[in-house]
>>> print(open('input.tsv').read())   # TSV, C-alpha atoms
chain	number	residue	atom	x	y	z
A	825	MET	CA	-0.27	-0.62	-3.88
A	826	ARG	CA	-2.51	-1.92	-6.70
A	827	ARG	CA	0.48	-3.81	-8.13
A	828	LEU	CA	1.02	-5.58	-4.83
A	829	ILE	CA	-2.55	-6.84	-4.77
A	830	LEU	CA	-2.34	-7.93	-8.41
A	831	PHE	CA	0.97	-9.75	-7.85
A	832	LEU	CA	-0.53	-11.64	-4.93
A	833	ALA	CA	-3.60	-12.39	-7.00
A	834	ALA	CA	-1.37	-13.80	-9.75
A	835	ALA	CA	0.52	-15.88	-7.21
A	836	CYS	CA	-2.68	-17.33	-5.80
A	837	GLY	CA	-3.83	-17.98	-9.37
A	838	LEU	CA	-0.79	-20.16	-10.03
A	839	PHE	CA	-1.39	-21.93	-6.74
A	840	LEU	CA	-4.93	-22.78	-7.77
A	841	LEU	CA	-3.91	-23.76	-11.29
A	842	GLY	CA	-1.47	-26.29	-9.89
A	843	GLY	CA	-4.21	-28.87	-9.48
A	844	CYS	CA	-5.80	-28.37	-12.91
A	845	GLN	CA	-5.44	-31.02	-15.63
A	846	THR	CA	-5.85	-30.82	-19.40
A	847	THR	CA	-9.38	-31.46	-20.68
A	848	GLU	CA	-8.63	-31.66	-24.43
A	849	SER	CA	-9.55	-35.36	-24.70
A	850	LEU	CA	-12.66	-35.19	-22.53
A	851	SER	CA	-16.26	-35.10	-23.69
A	852	ALA	CA	-18.38	-31.98	-23.30
A	853	GLU	CA	-20.22	-33.56	-20.36
A	854	GLU	CA	-16.98	-34.51	-18.62
A	855	LYS	CA	-15.55	-31.04	-19.20
A	856	GLU	CA	-18.64	-29.46	-17.67
A	857	ARG	CA	-18.50	-31.82	-14.70
A	858	LEU	CA	-14.83	-30.95	-14.11
A	859	HIS	CA	-15.61	-27.27	-14.52
A	860	GLN	CA	-18.31	-27.46	-11.86
A	861	GLU	CA	-16.00	-29.38	-9.51
A	862	GLU	CA	-13.24	-26.84	-10.06
A	863	LEU	CA	-15.67	-23.96	-9.52
A	864	ALA	CA	-16.89	-25.55	-6.28
A	865	MET	CA	-13.27	-25.89	-5.12
A	866	LYS	CA	-12.57	-22.24	-5.92
A	867	GLU	CA	-15.75	-21.14	-4.16
A	868	ARG	CA	-14.66	-23.04	-1.05
A	869	TYR	CA	-11.23	-21.42	-1.20
A	870	LEU	CA	-12.73	-17.95	-1.66
A	871	LYS	CA	-15.02	-18.61	1.28
A	872	ARG	CA	-11.98	-19.47	3.43
A	873	VAL	CA	-10.22	-16.25	2.44
A	874	GLN	CA	-13.29	-14.10	3.01
A	875	SER	CA	-14.05	-15.76	6.33
A	876	ALA	CA	-10.53	-14.94	7.51
A	877	GLU	CA	-10.94	-11.38	6.21
A	878	GLU	CA	-14.15	-10.92	8.15
A	879	SER	CA	-12.47	-11.98	11.39
A	880	VAL	CA	-9.66	-9.51	10.79
A	881	TYR	CA	-12.02	-6.67	9.95
A	882	GLU	CA	-14.11	-7.33	13.06
A	883	SER	CA	-11.00	-7.01	15.22
A	884	LEU	CA	-9.77	-3.88	13.44
A	885	HIS	CA	-13.23	-2.35	13.75
A	886	SER	CA	-12.90	-2.41	17.55
A	887	LEU	CA	-9.24	-1.41	17.69
A	888	GLY	CA	-9.30	1.40	15.13
A	889	PRO	CA	-10.91	4.11	17.30
A	890	VAL	CA	-8.53	3.27	20.17
A	891	VAL	CA	-5.31	3.71	18.18
A	892	ALA	CA	-6.64	6.79	16.39
A	893	ASP	CA	-5.03	8.88	19.14
A	894	TYR	CA	-1.59	7.40	18.47
A	895	ASN	CA	-1.00	9.26	15.19
A	896	ASP	CA	-3.49	11.89	14.04
A	897	LYS	CA	-1.99	11.85	10.52
A	898	GLU	CA	-3.47	8.38	10.03
A	899	VAL	CA	-6.98	9.29	11.17
A	900	TYR	CA	-9.82	9.47	8.65
A	901	GLY	CA	-13.58	9.17	8.62
A	902	TYR	CA	-14.81	5.59	9.01
A	903	ALA	CA	-18.42	4.47	8.71
A	904	GLY	CA	-18.02	0.77	9.52
A	905	ALA	CA	-18.26	-0.41	5.91
A	906	ILE	CA	-15.70	-2.46	4.00
A	907	PHE	CA	-15.47	-1.91	0.24
A	908	VAL	CA	-13.60	-4.14	-2.21
A	909	THR	CA	-13.34	-5.07	-5.88
A	910	ALA	CA	-12.89	-8.53	-7.40
A	911	ARG	CA	-9.22	-7.67	-7.92
A	912	PHE	CA	-8.60	-8.07	-4.21
A	913	TYR	CA	-8.71	-11.78	-4.99
A	914	PRO	CA	-6.83	-14.04	-7.46
A	915	SER	CA	-7.95	-13.76	-11.08
A	916	GLU	CA	-8.58	-17.53	-11.07
A	917	LEU	CA	-11.33	-16.85	-8.53
A	918	SER	CA	-13.11	-14.30	-10.71
A	919	GLU	CA	-16.02	-16.63	-11.50
A	920	ALA	CA	-16.41	-17.51	-7.83
A	921	ALA	CA	-16.11	-13.83	-6.91
A	922	ALA	CA	-18.75	-12.91	-9.49
A	923	SER	CA	-21.14	-15.39	-7.88
A	924	ARG	CA	-20.71	-13.35	-4.69
A	925	GLY	CA	-21.51	-10.08	-6.46
A	926	LEU	CA	-17.93	-8.86	-6.96
A	927	GLY	CA	-16.44	-7.45	-10.17
A	928	ASP	CA	-14.52	-4.49	-11.57
A	929	PHE	CA	-16.54	-2.09	-9.46
A	930	VAL	CA	-16.50	-0.97	-5.82
A	931	THR	CA	-18.82	-3.14	-3.73
A	932	ALA	CA	-19.80	-3.12	-0.07
A	933	ARG	CA	-18.22	-6.37	1.12
A	934	ARG	CA	-19.03	-6.01	4.83
A	935	VAL	CA	-21.22	-3.71	6.94
A	936	MET	CA	-20.50	-3.82	10.66
A	937	GLU	CA	-23.59	-4.32	12.78
A	938	GLY	CA	-24.63	-1.14	14.58
A	939	SER	CA	-22.15	1.01	12.63
A	940	PRO	CA	-23.06	4.35	10.98
A	941	ALA	CA	-23.15	2.55	7.62
A	942	ASP	CA	-25.55	-0.02	9.02
A	943	GLU	CA	-27.77	2.66	10.53
A	944	GLY	CA	-27.60	4.62	7.26
A	945	GLY	CA	-29.05	1.72	5.30
A	946	LEU	CA	-26.00	0.43	3.42
A	947	LEU	CA	-26.26	-3.27	2.55
A	948	VAL	CA	-23.71	-5.90	1.60
A	949	GLY	CA	-23.60	-6.08	-2.21
A	950	ASP	CA	-24.39	-2.40	-2.80
A	951	ARG	CA	-22.26	-1.00	-5.64
A	952	LEU	CA	-20.84	2.41	-4.89
A	953	ILE	CA	-21.50	4.96	-7.66
A	954	ARG	CA	-20.63	8.28	-6.00
A	955	ILE	CA	-19.43	9.44	-2.60
A	956	ASN	CA	-19.95	13.08	-1.68
A	957	GLY	CA	-20.31	13.96	-5.35
A	958	LYS	CA	-17.12	12.14	-6.40
A	959	LYS	CA	-17.69	9.57	-9.13
A	960	VAL	CA	-16.31	6.15	-8.24
A	961	PRO	CA	-14.19	4.58	-11.01
A	962	LYS	CA	-14.49	1.06	-12.39
A	963	GLY	CA	-11.89	-1.34	-13.74
A	964	ASP	CA	-8.21	-0.80	-12.91
A	965	GLY	CA	-8.90	2.50	-11.14
A	966	ALA	CA	-11.43	0.96	-8.76
A	967	THR	CA	-8.86	-0.94	-6.71
A	968	THR	CA	-6.58	2.08	-6.34
A	969	PHE	CA	-9.59	4.19	-5.39
A	970	VAL	CA	-10.59	1.81	-2.59
A	971	VAL	CA	-7.11	1.46	-1.11
A	972	GLU	CA	-5.69	4.95	-1.46
A	973	ARG	CA	-8.33	7.58	-2.18
A	974	MET	CA	-11.67	6.57	-0.78
A	975	LYS	CA	-11.01	7.07	2.94
A	976	LYS	CA	-9.89	10.63	2.25
A	977	LEU	CA	-13.37	11.45	0.91
A	978	TRP	CA	-15.26	10.57	4.08
A	979	LEU	CA	-16.38	13.62	6.04
A	980	VAL	CA	-16.40	13.62	9.84
A	981	GLU	CA	-19.03	15.45	11.90
A	982	GLU	CA	-21.27	15.92	8.88
A	983	SER	CA	-23.30	13.54	6.74
A	984	ASN	CA	-21.80	11.74	3.77
A	985	ILE	CA	-23.95	11.33	0.69
A	986	LEU	CA	-23.50	7.97	-1.03
A	987	VAL	CA	-25.17	6.95	-4.27
A	988	VAL	CA	-25.31	3.17	-4.61
A	989	GLU	CA	-26.75	0.70	-7.07
A	990	ARG	CA	-28.92	-2.01	-5.55
A	991	ASN	CA	-30.85	-4.53	-7.65
A	992	GLY	CA	-30.47	-2.32	-10.71
A	993	GLU	CA	-31.73	0.84	-9.00
A	994	GLU	CA	-29.78	3.86	-7.77
A	995	LEU	CA	-30.36	4.87	-4.17
A	996	THR	CA	-29.07	7.85	-2.19
A	997	LEU	CA	-27.93	7.17	1.37
A	998	GLU	CA	-26.94	9.57	4.12
A	999	ILE	CA	-24.21	8.10	6.33
A	1000	ASP	CA	-22.18	9.58	9.16
A	1001	ALA	CA	-18.53	8.74	9.79
A	1002	GLU	CA	-16.45	8.49	12.94
A	1003	LYS	CA	-12.78	9.28	13.48
A	1004	SER	CA	-10.76	6.11	13.25
A	1005	VAL	CA	-7.87	4.45	11.46
A	1006	TYR	CA	-8.72	2.10	8.64
A	1007	TYR	CA	-6.74	-0.05	6.21
A	1008	ASN	CA	-7.80	-2.57	3.61
A	1009	VAL	CA	-6.97	-6.18	4.35
A	1010	VAL	CA	-5.45	-8.75	2.00
A	1011	VAL	CA	-5.38	-12.40	3.09
A	1012	THR	CA	-3.00	-14.59	1.08
A	1013	PRO	CA	-1.12	-17.91	1.35
A	1014	PHE	CA	1.99	-16.25	-0.06
A	1015	LEU	CA	3.43	-14.51	2.98
A	1016	ARG	CA	6.65	-15.58	4.62
A	1017	ASP	CA	5.63	-13.96	7.91
A	1018	GLU	CA	2.26	-13.96	9.62
A	1019	THR	CA	1.55	-10.33	8.88
A	1020	TYR	CA	2.99	-7.47	6.89
A	1021	ALA	CA	2.05	-3.82	7.35
A	1022	GLU	CA	3.25	-1.93	4.28
A	1023	GLY	CA	1.64	1.41	5.13
A	1024	LYS	CA	-1.48	1.52	2.98
A	1025	ALA	CA	-2.87	-1.94	3.65
A	1026	LEU	CA	-2.47	-4.91	5.99
A	1027	TYR	CA	-1.47	-8.35	4.72
A	1028	PHE	CA	-2.17	-11.56	6.63
A	1029	SER	CA	-1.04	-15.12	6.01
A	1030	LEU	CA	-4.13	-17.28	5.53
A	1031	LYS	CA	-2.56	-20.30	7.20
A	1032	SER	CA	-1.43	-18.38	10.26
A	1033	ILE	CA	-4.78	-16.78	11.09
A	1034	GLU	CA	-7.18	-19.59	10.26
A	1035	GLY	CA	-8.44	-21.23	13.41
A	1036	LEU	CA	-7.37	-18.46	15.79
A	1037	GLU	CA	-9.55	-17.79	18.80
A	1038	GLU	CA	-11.15	-14.32	18.96
A	1039	GLU	CA	-8.66	-13.09	21.54
A	1040	GLU	CA	-5.70	-14.44	19.55
A	1041	MET	CA	-7.00	-12.72	16.41
A	1042	ASP	CA	-7.09	-9.47	18.39
A	1043	PHE	CA	-3.44	-10.00	19.37
A	1044	VAL	CA	-2.32	-10.47	15.76
A	1045	CYS	CA	-4.43	-7.62	14.40
A	1046	ALA	CA	-3.33	-5.13	17.07
A	1047	PHE	CA	0.33	-5.93	16.41
A	1048	ALA	CA	-0.12	-5.36	12.66
A	1049	LEU	CA	-2.36	-2.30	13.04
A	1050	VAL	CA	-0.01	-0.24	15.19
A	1051	GLN	CA	2.82	-0.82	12.71
A	1052	ASN	CA	0.81	0.93	10.01
A	1053	VAL	CA	-0.38	3.65	12.37
A	1054	MET	CA	3.19	4.39	13.47
A	1055	LYS	CA	4.47	4.17	9.86
A	1056	HIS	CA	7.12	1.57	10.64
A	1057	ALA	CA	7.40	0.46	7.01
A	1058	LYS	CA	8.18	3.99	5.90
A	1059	MET	CA	10.73	4.50	8.64
A	1060	LYS	CA	12.47	1.24	7.76
A	1061	GLY	CA	12.44	2.06	4.06
A	1062	GLN	CA	10.16	-0.86	3.31
A	1063	ASN	CA	7.80	0.22	0.55
A	1064	GLU	CA	7.26	-3.15	-1.10
A	1065	LEU	CA	6.00	-6.57	-0.07
A	1066	VAL	CA	6.70	-10.21	0.57
A	1067	GLY	CA	9.94	-11.76	-0.72
A	1068	GLY	CA	11.70	-13.62	-3.48
A	1069	VAL	CA	8.83	-16.06	-3.93
A	1070	VAL	CA	6.61	-13.37	-5.44
A	1071	ASP	CA	9.45	-12.19	-7.70
A	1072	VAL	CA	9.70	-15.73	-9.12
A	1073	ILE	CA	5.95	-16.11	-9.48
A	1074	ALA	CA	5.68	-12.75	-11.22
A	1075	MET	CA	8.26	-13.86	-13.78
A	1076	PHE	CA	5.88	-16.55	-15.00
A	1077	TYR	CA	3.45	-13.78	-15.84
A	1078	GLY	CA	6.07	-11.73	-17.68
A	1079	LEU	CA	6.23	-9.18	-14.89
A	1080	ASN	CA	9.70	-7.84	-14.11
A	1081	THR	CA	9.60	-6.76	-10.48
A	1082	GLY	CA	13.29	-5.88	-10.44
A	1083	GLY	CA	13.70	-7.93	-7.26
A	1084	ILE	CA	11.68	-5.45	-5.23
A	1085	PHE	CA	10.13	-8.18	-3.11
A	1086	GLY	CA	13.39	-10.00	-2.43
A	1087	GLY	CA	14.71	-7.21	-0.20
A	1088	MET	CA	11.60	-7.08	1.95
A	1089	GLY	CA	13.12	-8.91	4.89
A	1090	ARG	CA	16.29	-6.83	5.06
A	1091	ASN	CA	15.22	-4.83	8.10
A	1092	ALA	CA	12.28	-6.94	9.18
A	1093	HIS	CA	13.57	-7.91	12.63
A	1094	LYS	CA	14.81	-4.71	14.18
A	1095	ALA	CA	14.09	-5.11	17.87
A	1096	GLY	CA	13.10	-1.49	18.42
A	1097	PHE	CA	10.25	-1.52	15.93
A	1098	LEU	CA	9.03	-4.94	17.01
A	1099	ILE	CA	9.04	-4.06	20.70
A	1100	GLU	CA	7.34	-0.73	20.06
A	1101	SER	CA	4.65	-2.61	18.12
A	1102	ASP	CA	4.14	-5.00	21.03
A	1103	ILE	CA	3.96	-2.20	23.59
A	1104	LEU	CA	1.46	-0.13	21.63
A	1105	ALA	CA	-0.55	-3.23	20.74
A	1106	LEU	CA	-0.85	-4.13	24.42
A	1107	TYR	CA	-2.03	-0.63	25.31
A	1108	ALA	CA	-4.56	-0.67	22.47
A	1109	LEU	CA	-5.86	-4.09	23.45
A	1110	ALA	CA	-6.15	-3.16	27.12
A	1111	ALA	CA	-7.96	0.08	26.30
A	1112	ALA	CA	-10.33	-1.86	24.03
A	1113	GLY	CA	-11.21	-4.20	26.89
A	1114	VAL	CA	-9.29	-7.26	25.66
A	1115	ASP	CA	-7.65	-9.55	28.24
A	1116	ILE	CA	-3.92	-9.10	27.55
A	1117	SER	CA	-2.60	-11.61	30.07
A	1118	GLY	CA	-2.13	-14.28	27.39
A	1119	TYR	CA	-0.32	-12.02	24.89
A	1120	PRO	CA	3.27	-13.02	25.85
A	1121	ASP	CA	2.52	-16.76	25.92
A	1122	PHE	CA	0.78	-16.54	22.56
A	1123	TRP	CA	3.75	-14.89	20.88
A	1124	GLU	CA	6.35	-16.97	22.70
A	1125	GLU	CA	4.79	-20.13	21.29
A	1126	ARG	CA	4.71	-18.71	17.76
A	1127	LEU	CA	8.21	-17.22	17.86
A	1128	ALA	CA	9.95	-20.28	19.28
A	1129	ASP	CA	12.03	-22.34	16.85
A	1130	PRO	CA	11.36	-26.08	17.35
A	1131	GLU	CA	15.11	-26.77	17.47
A	1132	LYS	CA	16.75	-23.55	18.62
A	1133	GLY	CA	14.08	-22.14	20.92
A	1134	ILE	CA	13.75	-18.37	21.36
A	1135	ASP	CA	16.33	-16.09	19.73
A	1136	ARG	CA	17.72	-12.91	21.31
A	1137	VAL	CA	15.32	-10.45	19.68
A	1138	SER	CA	12.31	-12.61	20.52
A	1139	SER	CA	13.50	-12.92	24.13
A	1140	GLU	CA	13.65	-9.15	24.35
A	1141	ARG	CA	10.17	-8.91	22.89
A	1142	ILE	CA	8.68	-11.39	25.36
A	1143	ALA	CA	10.38	-9.66	28.29
A	1144	ALA	CA	9.13	-6.26	27.13
A	1145	MET	CA	5.61	-7.64	26.80
A	1146	ARG	CA	5.58	-8.87	30.39
A	1147	GLN	CA	6.96	-5.59	31.71
A	1148	THR	CA	4.38	-3.61	29.72
A	1149	ILE	CA	1.52	-5.72	31.09
A	1150	ALA	CA	2.75	-5.07	34.64
A	1151	GLU	CA	2.97	-1.38	33.82
A	1152	ILE	CA	-0.58	-1.31	32.45
A	1153	GLU	CA	-1.93	-3.16	35.48
A	1154	GLU	CA	-0.23	-0.64	37.78
A	1155	LYS	CA	-1.81	2.22	35.88
A	1156	ARG	CA	-5.19	0.55	36.08
A	1157	ALA	CA	-4.81	0.01	39.83
A	1158	ASN	CA	-3.90	3.68	40.27
A	1159	GLY	CA	-6.86	4.84	38.20
A	1160	GLU	CA	-4.61	6.26	35.47
A	1161	PRO	CA	-5.59	6.34	31.78
A	1162	ILE	CA	-4.47	3.29	29.78
A	1163	TYR	CA	-2.58	5.38	27.26
A	1164	PRO	CA	1.05	4.97	26.10
A	1165	MET	CA	2.05	8.61	26.39
A	1166	GLU	CA	5.67	7.83	27.30
A	1167	TYR	CA	6.09	5.65	24.19
A	1168	LEU	CA	4.54	8.10	21.75
A	1169	SER	CA	6.99	10.88	22.61
A	1170	GLY	CA	9.55	9.39	20.24
A	1171	ASP	CA	12.55	9.67	22.56
A	1172	TRP	CA	12.52	6.27	24.28
A	1173	THR	CA	14.79	3.29	23.52
A	1174	ILE	CA	14.85	-0.38	24.46
A	1175	LYS	CA	17.37	0.39	27.20
A	1176	ASP	CA	14.75	2.55	28.92
A	1177	LEU	CA	12.76	-0.61	29.63
A	1178	ASP	CA	15.53	-1.93	31.95
A	1179	LEU	CA	14.70	-5.53	31.10
A	1180	GLU	CA	17.89	-6.86	32.66
A	1181	GLU	CA	17.50	-4.84	35.86
A	1182	ALA	CA	13.90	-6.02	36.16
A	1183	GLY	CA	15.14	-9.61	35.96
A	1184	LEU	CA	13.05	-10.34	32.87
A	1185	ILE	CA	16.00	-11.24	30.64
A	1186	GLU	CA	19.52	-12.51	31.14
A	1187	SER	CA	22.31	-9.98	30.61
A	1188	GLU	CA	24.02	-12.08	27.93
A	1189	ALA	CA	20.86	-11.92	25.84
A	1190	LEU	CA	21.10	-8.13	25.53
>>> encode(input="input.tsv", output="structure tokens")
Amino acid sequence: MRRLILFLAAACGLFLLGGCQTTESLSAEEKERLHQEELAMKERYLKRVQSAEESVYESLHSLGPVVADYNDKEVYGYAGAIFVTARFYPSELSEAAASRGLGDFVTARRVMEGSPADEGGLLVGDRLIRINGKKVPKGDGATTFVVERMKKLWLVEESNILVVERNGEELTLEIDAEKSVYYNVVVTPFLRDETYAEGKALYFSLKSIEGLEEEEMDFVCAFALVQNVMKHAKMKGQNELVGGVVDVIAMFYGLNTGGIFGGMGRNAHKAGFLIESDILALYALAAAGVDISGYPDFWEERLADPEKGIDRVSSERIAAMRQTIAEIEEKRANGEPIYPMEYLSGDWTIKDLDLEEAGLIESEAL
């Protein structure tokens, strides 16, 4: 997991370096001026990434408690605080990240308003020293700790004791935690698809999520979230990320990935997993109070090829979305719980949806 973040950081570093020019023949004043211009550019880029992250985290904050009932093995204590290290971002942005209080230590990046962390007094910029007596590592171990180990230390139904450093002083905070699902978020320009759920974290394409309306962001986040909750990556044997582009980029840094990223897309479009993700996402969104009526149109527009239109798998997805919405509306009208019990049993297939019989898809498309 830490390698994946570092590879993406290296890739983004190369991307940022692409616009840099040699300064060997420049005066000290000119070098400093260029340095400040470059730093300002990197700060703007970091701000874009972090702004996108914040939108994703806000959506996941609302959806997490809803999908917690879908797979109890993915449920942990969650206090409404997001912790990161500077290594979540490209190394070329380290100076910009440092200006925002990030480094080789675990820092509170976001505290959700009204959350247990907010009520317990945690502030953005607090450096985490200990959680429930467990010392928090720095350096290389800090990133692994945040992604893989930290959420397992949160206690539910009893107070968590956090020791943080704030303005050079150590403070002890008492914070409760709620049952939820939680994954760290990585926003990067180096994703072939809009999202990738690899099991331990969620990856989002910066370009694809910038400018989304709040409801559209909920659609994308719900679709990605349920994939992690239902362990789709594990079931498909996908334990690595991205594609050949990261393999090539890593080579420039002397990193031999063995082609692990190149095989990422091998099973990426299996209709069963995609449709299950859509169905569970729709149930989660509806239960969270999000208007789901625009979900099919949103995805149809994004899945359509400008020249070829909608492919077979995408047609099945869109049809399944519309049938699921009708099903949810019927349950709501009958006063039934908006919960996907029939889809969590594990014994349903696409054929059970009867898309052709319902007239939602042509027979030759199946």
>>> atom_distance(input="input.tsv", atom1="atom CA of Leu917 of chain A", atom2="atom CA of Glu862 of chain A")
10.3 Å
>>> atom_distance(input="input.tsv", atom1="atom CA of Val1044 of chain A", atom2="atom CA of Leu946 of chain A")
28.8 Å
>>> residues_around(input="input.tsv", residues="Pro1013 of chain A", least_positions_apart="5", cutoff="7 Å", atoms="only C-alpha atoms", output="ChimeraX atom specification")
/A:1029-1031
>>> write_last_selection(input="input.tsv", atoms="C-alpha atoms", output="mmCIF file, keeping the file's coordinate frame")
data_model
loop_
_atom_site.group_PDB
_atom_site.id
_atom_site.type_symbol
_atom_site.label_atom_id
_atom_site.label_comp_id
_atom_site.auth_asym_id
_atom_site.auth_seq_id
_atom_site.Cartn_x
_atom_site.Cartn_y
_atom_site.Cartn_z
ATOM 1 C CA SER A 1029 -1.040 -15.120 6.010
ATOM 2 C CA LEU A 1030 -4.130 -17.280 5.530
ATOM 3 C CA LYS A 1031 -2.560 -20.300 7.200
#
>>> closest_residue(input="input.tsv", among="A:Glu993, A:Tyr913, A:Ile1152, A:Glu1037", to="Pro1164 of chain A", atoms="all atoms listed in the file")
A:Ile1152
>>> closest_residue(input="input.tsv", among="A:Arg1141, A:Lys1132, A:Lys975, A:Arg924", to="Lys871 of chain A", atoms="only C-alpha atoms")
A:Arg924
>>> closest_residue(input="input.tsv", among="A:Leu1109, A:Met1041, A:Ala1001, A:Leu1127", to="Glu882 of chain A", atoms="all atoms listed in the file")
A:Met1041
>>> closest_residue(input="input.tsv", among="A:Ser883, A:Ser923, A:Thr1012, A:Thr996", to="Ala1048 of chain A", atoms="all atoms listed in the file")
A:Ser883
>>> closest_residue(input="input.tsv", among="A:His885, A:Lys897, A:Lys1155, A:Arg872", to="Ala1046 of chain A", atoms="all atoms listed in the file")
A:His885
>>> closest_residue(input="input.tsv", among="A:Val960, A:Ala864, A:Val908, A:Ala903", to="Ala920 of chain A", atoms="all atoms listed in the file")
A:Ala864
>>> atom_distance(input="input.tsv", atom1="atom CA of Leu1098 of chain A", atom2="atom CA of Gln1147 of chain A")
14.9 Å
>>> residues_around(input="input.tsv", residues="Glu1018 of chain A", least_positions_apart="4", cutoff="8 Å", atoms="all atoms listed in the file", output="list in words")
Phe1028, Ser1029, Ser1032 and Ile1033 of chain A
>>> residues_around(input="input.tsv", residues="Ala1150 of chain A", least_positions_apart="6", cutoff="10 Å", atoms="all atoms listed in the file", output="JSON list (two decimals) with C-alpha atoms, keeping the file's coordinate frame")
[["chain", "number", "residue", "atom", "x", "y", "z"],
["A", 1117, "SER", "CA", -2.60, -11.61, 30.07],
["A", 1144, "ALA", "CA", 9.13, -6.26, 27.13],
["A", 1156, "ARG", "CA", -5.19, 0.55, 36.08]]
>>> residues_around(input="input.tsv", residues="Ile1149 of chain A", least_positions_apart="3", cutoff="12 Å", atoms="all atoms listed in the file", output="MDAnalysis selection string")
chainID A and resid 1102:1110 1115:1120 1142:1146 1152:1156 1162 1164
>>> residues_around(input="input.tsv", residues="segment 928-936 of chain A", least_positions_apart="3", cutoff="10 Å", atoms="all atoms listed in the file", output="PyMOL selection string")
chain A and resi 874+877-878+881-882+885+903-911+918+922+924-925+939-943+945-953+960-967+969-970+988-989
